[in-house]
>>> print(open('query21.txt').read())   # compact mmCIF, C-alpha atoms and all ligand atoms
# COMPACT_ATOMS: atom_id res chain seq x y z
CA MET N 1056 16.03 3.91 -23.80
CA ALA N 1057 14.07 1.87 -26.34
CA ARG N 1058 11.10 0.09 -24.80
CA GLN N 1059 11.05 -3.63 -25.32
CA THR N 1060 7.83 -5.37 -26.29
CA ILE N 1061 7.17 -8.19 -23.90
CA ARG N 1062 4.78 -11.04 -23.40
CA PRO N 1063 2.32 -11.26 -20.46
CA VAL N 1064 3.71 -11.09 -16.94
CA LEU N 1065 2.71 -13.14 -13.90
CA GLY N 1066 2.69 -11.28 -10.57
CA ILE N 1067 2.64 -12.81 -7.08
CA GLU N 1068 1.92 -11.00 -3.79
CA SER N 1069 2.55 -12.66 -0.41
CA SER N 1070 4.22 -10.00 1.75
CA CYS N 1071 1.55 -9.78 4.44
CA ASP N 1072 -1.90 -11.34 4.77
CA GLU N 1073 -3.19 -11.30 1.20
CA THR N 1074 -2.28 -14.14 -1.14
CA ALA N 1075 -2.64 -12.80 -4.66
CA THR N 1076 -1.84 -13.71 -8.25
CA ALA N 1077 -2.39 -11.76 -11.47
CA VAL N 1078 -1.48 -11.94 -15.13
CA LEU N 1079 -1.23 -8.72 -17.14
CA ASP N 1080 -0.59 -8.36 -20.84
CA ALA N 1081 2.18 -6.11 -22.14
CA ASP N 1082 -0.20 -3.13 -22.20
CA GLY N 1083 -1.16 -3.60 -18.56
CA ARG N 1084 -4.56 -5.15 -19.21
CA VAL N 1085 -5.55 -7.61 -16.48
CA LEU N 1086 -6.00 -11.02 -18.12
CA ALA N 1087 -6.88 -12.74 -14.83
CA GLU N 1088 -6.35 -12.16 -11.11
CA ALA N 1089 -7.22 -13.53 -7.68
CA VAL N 1090 -6.86 -12.26 -4.12
CA HIS N 1091 -7.31 -14.49 -1.09
CA SER N 1092 -7.57 -12.58 2.19
CA GLN N 1093 -6.32 -14.37 5.29
CA GLU N 1094 -8.38 -12.07 7.52
CA THR N 1095 -10.39 -14.90 9.12
CA ASP N 1096 -7.17 -16.85 9.88
CA HIS N 1097 -5.71 -13.93 11.84
CA ALA N 1098 -8.80 -12.27 13.32
CA PRO N 1099 -8.94 -14.53 16.43
CA PHE N 1100 -5.43 -13.30 17.32
CA GLY N 1101 -6.19 -9.60 16.81
CA GLY N 1102 -3.49 -9.12 14.18
CA VAL N 1103 -1.39 -10.89 11.56
CA VAL N 1104 0.48 -13.94 12.91
CA PRO N 1105 3.57 -14.35 10.66
CA GLU N 1106 3.78 -18.15 10.88
CA ILE N 1107 0.09 -18.60 10.10
CA ALA N 1108 0.47 -16.16 7.20
CA ALA N 1109 3.41 -18.04 5.66
CA ARG N 1110 1.65 -21.40 5.92
CA ALA N 1111 -1.55 -19.98 4.43
CA HIS N 1112 0.37 -18.52 1.46
CA LEU N 1113 1.95 -21.92 0.90
CA ALA N 1114 -1.42 -23.66 1.06
CA VAL N 1115 -3.17 -21.28 -1.34
CA LEU N 1116 -0.61 -20.10 -3.90
CA PRO N 1117 0.01 -23.19 -6.09
CA GLU N 1118 -3.68 -23.72 -6.87
CA GLN N 1119 -4.32 -19.98 -7.16
CA ILE N 1120 -1.51 -19.60 -9.73
CA LYS N 1121 -2.82 -22.58 -11.69
CA GLN N 1122 -6.35 -21.16 -11.76
CA VAL N 1123 -5.29 -17.64 -12.72
CA MET N 1124 -3.09 -18.96 -15.55
CA GLY N 1125 -6.02 -21.10 -16.72
CA ARG N 1126 -8.43 -18.15 -16.71
CA ALA N 1127 -5.87 -16.08 -18.62
CA GLY N 1128 -5.73 -18.94 -21.15
CA LEU N 1129 -1.94 -19.15 -20.88
CA GLU N 1130 0.78 -21.73 -20.27
CA PHE N 1131 3.86 -20.70 -18.28
CA GLY N 1132 5.86 -20.84 -21.50
CA ASP N 1133 3.70 -18.03 -22.94
CA LEU N 1134 4.88 -15.60 -20.26
CA GLY N 1135 7.45 -12.85 -20.69
CA GLY N 1136 8.44 -12.82 -17.02
CA VAL N 1137 7.54 -13.61 -13.42
CA ALA N 1138 7.42 -10.92 -10.74
CA ALA N 1139 6.95 -11.39 -7.00
CA SER N 1140 6.98 -9.10 -3.97
CA ALA N 1141 10.41 -9.63 -2.43
CA GLY N 1142 10.05 -7.13 0.43
CA PRO N 1143 9.42 -5.29 2.61
CA GLY N 1144 7.12 -7.57 4.59
CA LEU N 1145 6.92 -10.75 6.63
CA ILE N 1146 9.88 -12.91 5.70
CA GLY N 1147 8.03 -16.26 5.69
CA GLY N 1148 5.45 -15.08 3.18
CA LEU N 1149 8.07 -13.30 1.07
CA ILE N 1150 10.07 -16.52 0.84
CA VAL N 1151 7.00 -18.52 -0.22
CA GLY N 1152 6.05 -16.12 -3.04
CA SER N 1153 9.62 -15.51 -4.20
CA GLN N 1154 10.47 -19.22 -4.31
CA MET N 1155 7.31 -19.94 -6.24
CA ALA N 1156 8.18 -17.22 -8.78
CA LYS N 1157 11.79 -18.37 -9.06
CA GLY N 1158 10.71 -21.99 -9.54
CA ILE N 1159 8.46 -21.02 -12.46
CA ALA N 1160 11.21 -18.79 -13.89
CA ILE N 1161 13.81 -21.58 -13.71
CA ALA N 1162 11.54 -24.27 -15.11
CA HIS N 1163 10.43 -22.15 -18.07
CA ARG N 1164 13.57 -20.04 -18.57
CA LEU N 1165 11.76 -16.78 -17.87
CA PRO N 1166 13.10 -13.48 -16.56
CA TYR N 1167 12.48 -12.96 -12.84
CA VAL N 1168 11.76 -9.62 -11.18
CA ALA N 1169 12.08 -9.11 -7.41
CA VAL N 1170 9.51 -6.38 -6.80
CA ASN N 1171 9.68 -3.94 -3.93
CA HIS N 1172 6.13 -4.01 -2.55
CA LEU N 1173 6.20 -0.26 -1.92
CA GLU N 1174 7.31 0.35 -5.49
CA ALA N 1175 4.32 -1.71 -6.62
CA HIS N 1176 1.98 0.57 -4.61
CA ALA N 1177 3.81 3.59 -6.02
CA LEU N 1178 3.49 2.57 -9.68
CA THR N 1179 -0.15 1.35 -9.54
CA ALA N 1180 -1.32 4.81 -10.62
CA ARG N 1181 0.34 4.23 -14.00
CA LEU N 1182 -1.89 1.27 -14.86
CA PRO N 1183 -3.55 2.26 -18.14
CA GLY N 1184 -6.94 3.93 -17.64
CA LEU N 1185 -6.60 4.42 -13.92
CA VAL N 1186 -5.77 8.13 -13.79
CA PRO N 1187 -7.52 10.30 -16.39
CA HIS N 1188 -4.81 11.48 -18.83
CA GLY N 1189 -2.30 9.11 -17.23
CA ALA N 1190 0.23 9.51 -14.42
CA PRO N 1191 3.46 10.85 -15.89
CA PHE N 1192 6.45 11.26 -13.57
CA PRO N 1193 6.89 13.00 -11.24
CA TYR N 1194 3.95 12.64 -8.86
CA LEU N 1195 3.43 12.51 -5.12
CA LEU N 1196 2.44 9.28 -3.41
CA LEU N 1197 0.82 9.16 0.02
CA LEU N 1198 0.92 5.56 1.17
CA VAL N 1199 -1.34 4.95 4.17
CA SER N 1200 -1.79 1.30 5.08
CA GLY N 1201 -1.59 -0.94 8.13
CA GLY N 1202 2.19 -1.22 7.87
CA HIS N 1203 3.22 1.95 6.03
CA CYS N 1204 2.64 5.67 6.29
CA GLN N 1205 4.85 7.80 4.08
CA CYS N 1206 5.04 10.52 1.46
CA VAL N 1207 7.13 9.65 -1.56
CA ALA N 1208 8.22 11.65 -4.60
CA VAL N 1209 7.84 9.21 -7.48
CA GLU N 1210 10.25 10.52 -10.10
CA GLY N 1211 10.69 7.51 -12.36
CA VAL N 1212 10.73 3.71 -12.27
CA GLY N 1213 13.25 2.95 -9.54
CA GLN N 1214 13.58 6.62 -8.64
CA TYR N 1215 11.88 7.43 -5.37
CA VAL N 1216 12.54 10.01 -2.70
CA ARG N 1217 10.95 9.52 0.69
CA LEU N 1218 9.86 13.01 1.74
CA GLY N 1219 8.60 11.95 5.17
CA GLY N 1220 6.98 9.15 7.09
CA THR N 1221 5.68 8.04 10.45
CA ILE N 1222 7.98 8.16 13.44
CA ASP N 1223 5.89 5.59 15.31
CA ASP N 1224 2.64 3.92 14.17
CA ALA N 1225 1.26 3.72 10.65
CA ALA N 1226 -2.16 5.35 10.13
CA GLY N 1227 -3.89 2.00 9.58
CA GLU N 1228 -2.19 0.62 12.68
CA ALA N 1229 -3.68 3.52 14.67
CA PHE N 1230 -7.15 2.68 13.29
CA ASP N 1231 -6.58 -0.97 14.24
CA LYS N 1232 -5.39 -0.16 17.78
CA VAL N 1233 -8.26 2.25 18.44
CA GLY N 1234 -10.66 -0.29 16.94
CA LYS N 1235 -9.36 -2.80 19.46
CA LEU N 1236 -9.84 -0.32 22.34
CA LEU N 1237 -13.45 0.09 21.23
CA GLY N 1238 -13.94 -3.68 21.00
CA LEU N 1239 -14.43 -3.65 17.22
CA GLY N 1240 -12.31 -6.66 16.32
CA TRP N 1241 -9.59 -6.72 13.69
CA PRO N 1242 -8.92 -5.03 11.32
CA GLY N 1243 -10.38 -1.99 13.03
CA GLY N 1244 -10.46 0.57 10.21
CA PRO N 1245 -13.63 -0.39 8.31
CA ALA N 1246 -15.64 -1.11 11.50
CA LEU N 1247 -14.44 2.12 13.08
CA GLU N 1248 -15.56 4.12 10.05
CA ARG N 1249 -19.02 2.51 10.20
CA LEU N 1250 -19.31 3.29 13.93
CA ALA N 1251 -18.06 6.86 13.47
CA ALA N 1252 -20.90 7.55 11.01
CA SER N 1253 -23.32 7.92 13.96
CA GLY N 1254 -20.85 9.74 16.22
CA ASP N 1255 -20.15 13.39 17.05
CA PRO N 1256 -16.64 14.31 15.79
CA THR N 1257 -16.58 17.43 17.99
CA ARG N 1258 -17.20 15.67 21.31
CA HIS N 1259 -13.52 14.96 22.02
CA ALA N 1260 -10.75 17.40 21.13
CA PHE N 1261 -8.09 14.75 20.55
CA PRO N 1262 -4.54 15.93 19.78
CA ARG N 1263 -3.43 16.40 16.16
CA PRO N 1264 0.22 15.24 16.39
CA MET N 1265 2.72 17.05 14.12
CA LEU N 1266 0.07 19.48 12.83
CA ARG N 1267 1.72 22.42 11.03
CA ARG N 1268 5.23 21.19 11.87
CA PRO N 1269 7.73 21.64 9.03
CA GLY N 1270 8.21 18.65 6.74
CA CYS N 1271 5.77 15.80 6.32
CA ASP N 1272 6.52 13.29 9.07
CA PHE N 1273 3.64 11.67 10.92
CA SER N 1274 3.04 10.48 14.47
CA PHE N 1275 -0.02 8.65 15.80
CA SER N 1276 1.00 7.17 19.13
CA GLY N 1277 0.03 10.28 21.19
CA LEU N 1278 -3.39 10.34 19.57
CA LYS N 1279 -3.89 6.66 20.32
CA THR N 1280 -2.89 7.25 23.98
CA ALA N 1281 -5.40 10.13 24.23
CA VAL N 1282 -8.13 7.84 22.88
CA ALA N 1283 -7.14 5.13 25.38
CA ARG N 1284 -7.49 7.70 28.17
CA ALA N 1285 -10.96 8.74 26.94
CA VAL N 1286 -12.06 5.10 26.80
CA GLY N 1287 -10.57 4.46 30.26
CA LYS N 1288 -12.71 7.21 31.83
CA HIS N 1289 -15.71 4.92 31.41
CA PRO N 1290 -15.95 2.07 33.93
CA PRO N 1291 -15.53 -1.36 32.27
CA GLY N 1292 -18.70 -2.24 30.35
CA ALA N 1293 -20.14 1.27 30.74
CA LEU N 1294 -19.11 2.64 27.34
CA SER N 1295 -22.39 3.15 25.50
CA VAL N 1296 -22.65 2.70 21.74
CA GLN N 1297 -23.07 6.48 21.44
CA ASP N 1298 -19.96 7.12 23.59
CA ALA N 1299 -17.97 4.72 21.41
CA ALA N 1300 -19.30 6.31 18.22
CA ASP N 1301 -18.34 9.79 19.47
CA ILE N 1302 -14.82 8.59 20.29
CA ALA N 1303 -14.53 6.90 16.88
CA ALA N 1304 -15.73 10.01 15.04
CA SER N 1305 -13.45 12.33 17.05
CA PHE N 1306 -10.47 10.05 16.42
CA GLN N 1307 -11.22 9.70 12.71
CA ILE N 1308 -11.47 13.46 12.13
CA ALA N 1309 -8.16 13.96 13.99
CA VAL N 1310 -6.41 11.41 11.73
CA ALA N 1311 -7.99 12.94 8.62
CA GLU N 1312 -6.84 16.44 9.60
CA VAL N 1313 -3.31 15.25 10.35
CA LEU N 1314 -3.07 13.34 7.07
CA ALA N 1315 -4.36 16.35 5.11
CA ASP N 1316 -1.94 18.73 6.84
CA ARG N 1317 1.05 16.43 6.28
CA ALA N 1318 0.05 15.76 2.68
CA GLY N 1319 -0.27 19.54 2.21
CA HIS N 1320 3.33 19.99 3.31
CA ALA N 1321 4.41 17.13 1.06
CA MET N 1322 2.67 18.78 -1.92
CA ALA N 1323 4.58 22.01 -1.22
CA MET N 1324 7.85 20.03 -1.00
CA MET N 1325 6.99 18.31 -4.25
CA ARG N 1326 6.34 21.63 -6.00
CA GLU N 1327 9.75 22.82 -4.86
CA ARG N 1328 11.33 19.77 -6.47
CA ASP N 1329 9.31 20.19 -9.66
CA PRO N 1330 6.86 23.10 -10.09
CA ALA N 1331 4.92 21.15 -12.75
CA THR N 1332 3.82 18.39 -10.35
CA ARG N 1333 0.06 18.26 -10.00
CA LEU N 1334 -0.87 14.73 -9.05
CA LEU N 1335 -1.36 13.29 -5.55
CA ILE N 1336 -1.90 9.53 -5.50
CA VAL N 1337 -3.23 8.00 -2.28
CA ALA N 1338 -2.78 4.27 -1.78
CA GLY N 1339 -3.15 1.76 1.07
CA GLY N 1340 -6.18 0.55 3.01
CA VAL N 1341 -6.76 3.85 4.85
CA ALA N 1342 -7.45 5.48 1.47
CA ALA N 1343 -10.79 3.64 1.67
CA ASN N 1344 -11.88 5.96 4.48
CA GLY N 1345 -14.41 8.55 3.31
CA THR N 1346 -13.48 11.22 5.87
CA VAL N 1347 -9.78 10.82 5.05
CA ARG N 1348 -10.48 10.96 1.33
CA SER N 1349 -12.53 14.15 1.52
CA ALA N 1350 -9.97 15.89 3.77
CA LEU N 1351 -7.22 14.98 1.29
CA THR N 1352 -9.30 16.05 -1.71
CA ARG N 1353 -9.96 19.44 -0.11
CA GLU N 1354 -6.27 19.92 0.68
CA ALA N 1355 -5.21 18.89 -2.81
CA ASP N 1356 -7.80 21.22 -4.42
CA SER N 1357 -6.56 24.15 -2.35
CA ARG N 1358 -3.02 23.54 -3.61
CA GLY N 1359 -3.86 23.02 -7.26
CA PHE N 1360 -3.24 19.28 -7.06
CA ILE N 1361 -5.51 16.53 -8.30
CA MET N 1362 -5.98 13.72 -5.81
CA VAL N 1363 -6.55 10.24 -7.18
CA ALA N 1364 -7.07 7.15 -5.07
CA PRO N 1365 -7.07 3.94 -7.11
CA PRO N 1366 -10.16 1.73 -6.64
CA ILE N 1367 -10.03 -0.03 -3.28
CA ARG N 1368 -9.06 -3.44 -4.70
CA LEU N 1369 -5.95 -1.82 -6.23
CA CYS N 1370 -5.30 0.38 -3.16
CA THR N 1371 -5.00 -2.58 -0.82
CA ASP N 1372 -2.56 -5.45 -1.34
CA ASN N 1373 -3.01 -7.21 -4.68
CA ALA N 1374 -0.96 -8.86 -7.39
CA VAL N 1375 -2.03 -6.62 -10.27
CA MET N 1376 0.29 -3.95 -8.89
CA VAL N 1377 3.13 -6.46 -8.54
CA ALA N 1378 2.76 -7.68 -12.14
CA TRP N 1379 2.55 -4.06 -13.30
CA ALA N 1380 5.76 -3.09 -11.44
CA GLY N 1381 7.35 -6.17 -13.04
CA LEU N 1382 6.21 -4.97 -16.47
CA GLU N 1383 7.57 -1.47 -15.91
CA ARG N 1384 10.95 -2.96 -15.00
CA LEU N 1385 10.99 -5.56 -17.77
CA ARG N 1386 10.26 -2.83 -20.33
CA LEU N 1387 13.48 -1.18 -19.21
CA GLY N 1388 15.32 -4.48 -19.42
CA TRP N 1389 15.74 -4.68 -15.64
CA THR N 1390 15.61 -8.21 -14.23
CA ASP N 1391 16.96 -9.82 -11.08
CA ASP N 1392 19.24 -12.72 -10.38
CA LEU N 1393 17.68 -15.87 -9.03
CA ASP N 1394 19.78 -15.61 -5.87
CA PHE N 1395 18.04 -12.35 -4.91
CA ALA N 1396 17.18 -12.84 -1.21
CA PRO N 1397 13.82 -11.49 0.02
CA ARG N 1398 14.17 -8.48 2.32
CA PRO N 1399 11.90 -7.97 5.34
CA ARG N 1400 13.15 -4.36 5.41
CA TRP N 1401 13.61 -2.65 2.06
CA PRO N 1402 13.27 1.14 2.04
CA LEU N 1403 11.94 2.52 -1.22
CA ASP N 1404 14.71 5.02 -1.76
CA ALA N 1405 17.56 2.58 -1.19
CA ASP N 1406 20.29 2.77 -3.86
CA CYS N 1407 19.41 -0.68 -5.09
CA MET N 1408 16.05 0.47 -6.46
CA PHE N 1409 17.54 1.98 -9.59
CA ARG N 1410 19.13 -0.78 -11.61
CA GLY N 1411 19.44 0.90 -15.00
CA PRO N 1412 22.60 2.37 -16.44
CA ALA N 1413 23.87 5.29 -14.36
O1 LIG N 1501 -3.21 -1.69 2.45
P1 LIG N 1501 -3.82 -2.65 3.42
O2 LIG N 1501 -4.95 -3.54 2.94
O3 LIG N 1501 -2.76 -3.66 4.00
C1 LIG N 1501 -1.51 -3.29 4.50
O4 LIG N 1501 -1.48 -2.88 5.66
O5 LIG N 1501 -0.55 -3.44 3.72
O6 LIG N 1501 -4.31 -1.77 4.66
C2 LIG N 1501 -4.94 -2.33 5.76
C3 LIG N 1501 -5.14 -1.22 6.77
C4 LIG N 1501 -5.66 -1.74 8.09
O7 LIG N 1501 -4.91 -1.12 9.11
C5 LIG N 1501 -7.11 -1.28 8.08
O8 LIG N 1501 -7.64 -1.06 9.37
C6 LIG N 1501 -7.03 0.00 7.30
O9 LIG N 1501 -6.08 -0.26 6.27
N1 LIG N 1501 -8.33 0.32 6.69
C7 LIG N 1501 -9.05 1.41 7.02
C8 LIG N 1501 -10.26 1.32 6.29
N2 LIG N 1501 -10.21 0.19 5.52
C9 LIG N 1501 -9.02 -0.41 5.79
N3 LIG N 1501 -8.78 2.41 7.87
C10 LIG N 1501 -9.73 3.37 7.98
N4 LIG N 1501 -10.91 3.36 7.34
C11 LIG N 1501 -11.23 2.36 6.49
N5 LIG N 1501 -12.40 2.35 5.84
ZN ZN N 1502 0.77 -2.97 0.89
>>> encode(input="query21.txt", output="structure tokens")
Amino acid sequence: MARQTIRPVLGIESSCDETATAVLDADGRVLAEAVHSQETDHAPFGGVVPEIAARAHLAVLPEQIKQVMGRAGLEFGDLGGVAASAGPGLIGGLIVGSQMAKGIAIAHRLPYVAVNHLEAHALTARLPGLVPHGAPFPYLLLLVSGGHCQCVAVEGVGQYVRLGGTIDDAAGEAFDKVGKLLGLGWPGGPALERLAASGDPTRHAFPRPMLRRPGCDFSFSGLKTAVARAVGKHPPGALSVQDAADIAASFQIAVAEVLADRAGHAMAMMRERDPATRLLIVAGGVAANGTVRSALTREADSRGFIMVAPPIRLCTDNAVMVAWAGLERLRLGWTDDLDFAPRPRWPLDADCMFRGPA
């Protein structure tokens, strides 16, 4: 299909607890972007509170969009389209971002793209300059965030096959829950990694759920329960910093080993689908973890794959990836109707992802 040349695209992200806006030109260059984290709004509650999230998106987005457009040096009329995360995620936030995007699209007669947030994570690797020599289809995506943990064969824009995923908690969720058990506050992942740096990863032989099982599904709830039991063996207040660090390190290495094993299976499955596949992209907040990254790199090396994790700011929720997914779709002439309703649940391999001619 002939690629259409298009004008810059505005992207909006509001599916969870990051409020983000970005403008990309037709080649994928970032003209301006902003990310506002709601972490301090939710931290006192130990997790994301949907109502607080929706209100915070509403409070921040209008001014954020105005500022980003100003920094990009553009008027709305200069745009070639408006893209917003339309699911999966928290419905209140999705409605705020989608309505904002639709309003701009109506007022300025612009094409609108309802972006699947997971598709945005999946396509980030194709941003120009991100992966040396580019990221041609197909490639394998391991998405490991607070809400998602899955292996996806990315075979084209709108063409995704979920090879496996978690049957209970997401990897980031496990880090957050164990962080809470260790009194580290929320989100637990970054603090847990810092604590683990001074811990002994061999002190506790925590279970490695699903290890070496066929396929590439994940499970983390048994591991979390084992950690809770180890913490519970210490009388309240008697867990020393060293004890906590040893638990953190032992937990972290268990997660890293499980992720590497599951990703290894996914790479084999990917090779069966297409023997030429050689790229493993890791996205989501957990990709920031050094122990996880090195375990995945080792596994990828041993299977002749190249592992690439986008820089952290593009790994975690952002609007650059949403604008980019919008661009990829607009280039194919795929737009959405303005009555597209945001979807709290929206699996990546649902039929509706592929909107081109059959
Ligand atoms: O992708 P993300 O920013 O948001 C979504 O969940 O969509 O991921 C956040 C998750 C949280 O669960 C957080 O604890 C985890 O990623 N995380 C980490 C690290 N940094 C963030 N987990 C382990 N180690 C880290 N360094
Ligand atoms: Zn995300």
>>> residues_near_ligand(input="query21.txt", ligand="ligand ZN 1502 (chain N)", cutoff="8 Å", atoms="all atoms listed in the file", output="list in words")
Ser1070, Cys1071, His1172, Leu1173, His1176, Ser1200, Gly1201, Gly1202, His1203, Gly1339, Thr1371, Asp1372 and Asn1373 of chain N
>>> residues_near_ligand(input="query21.txt", ligand="ligand LIG 1501 (chain N)", cutoff="10 Å", atoms="all atoms listed in the file", output="PyMOL selection string")
chain N and resi 1070-1073+1092+1102-1103+1144+1172-1173+1176+1198-1204+1225-1234+1241-1249+1307+1310-1311+1338-1348+1367-1373
>>> residues_near_point(input="query21.txt", point="(-9.7, 4.6, 21.6)", cutoff="7 Å", atoms="all atoms listed in the file", output="number ranges by chain")
N: 1233-1234, 1236-1237, 1279, 1282-1283, 1285-1286, 1302
>>> closest_residue(input="query21.txt", among="N:Pro1269, N:Gly1066, N:Gly1381, N:Pro1402", to="Ile1120 of chain N", atoms="all atoms listed in the file")
N:Gly1066
>>> closest_residue(input="query21.txt", among="N:Gly1287, N:Gly1220, N:Pro1256, N:Gly1359", to="Ile1308 of chain N", atoms="all atoms listed in the file")
N:Pro1256
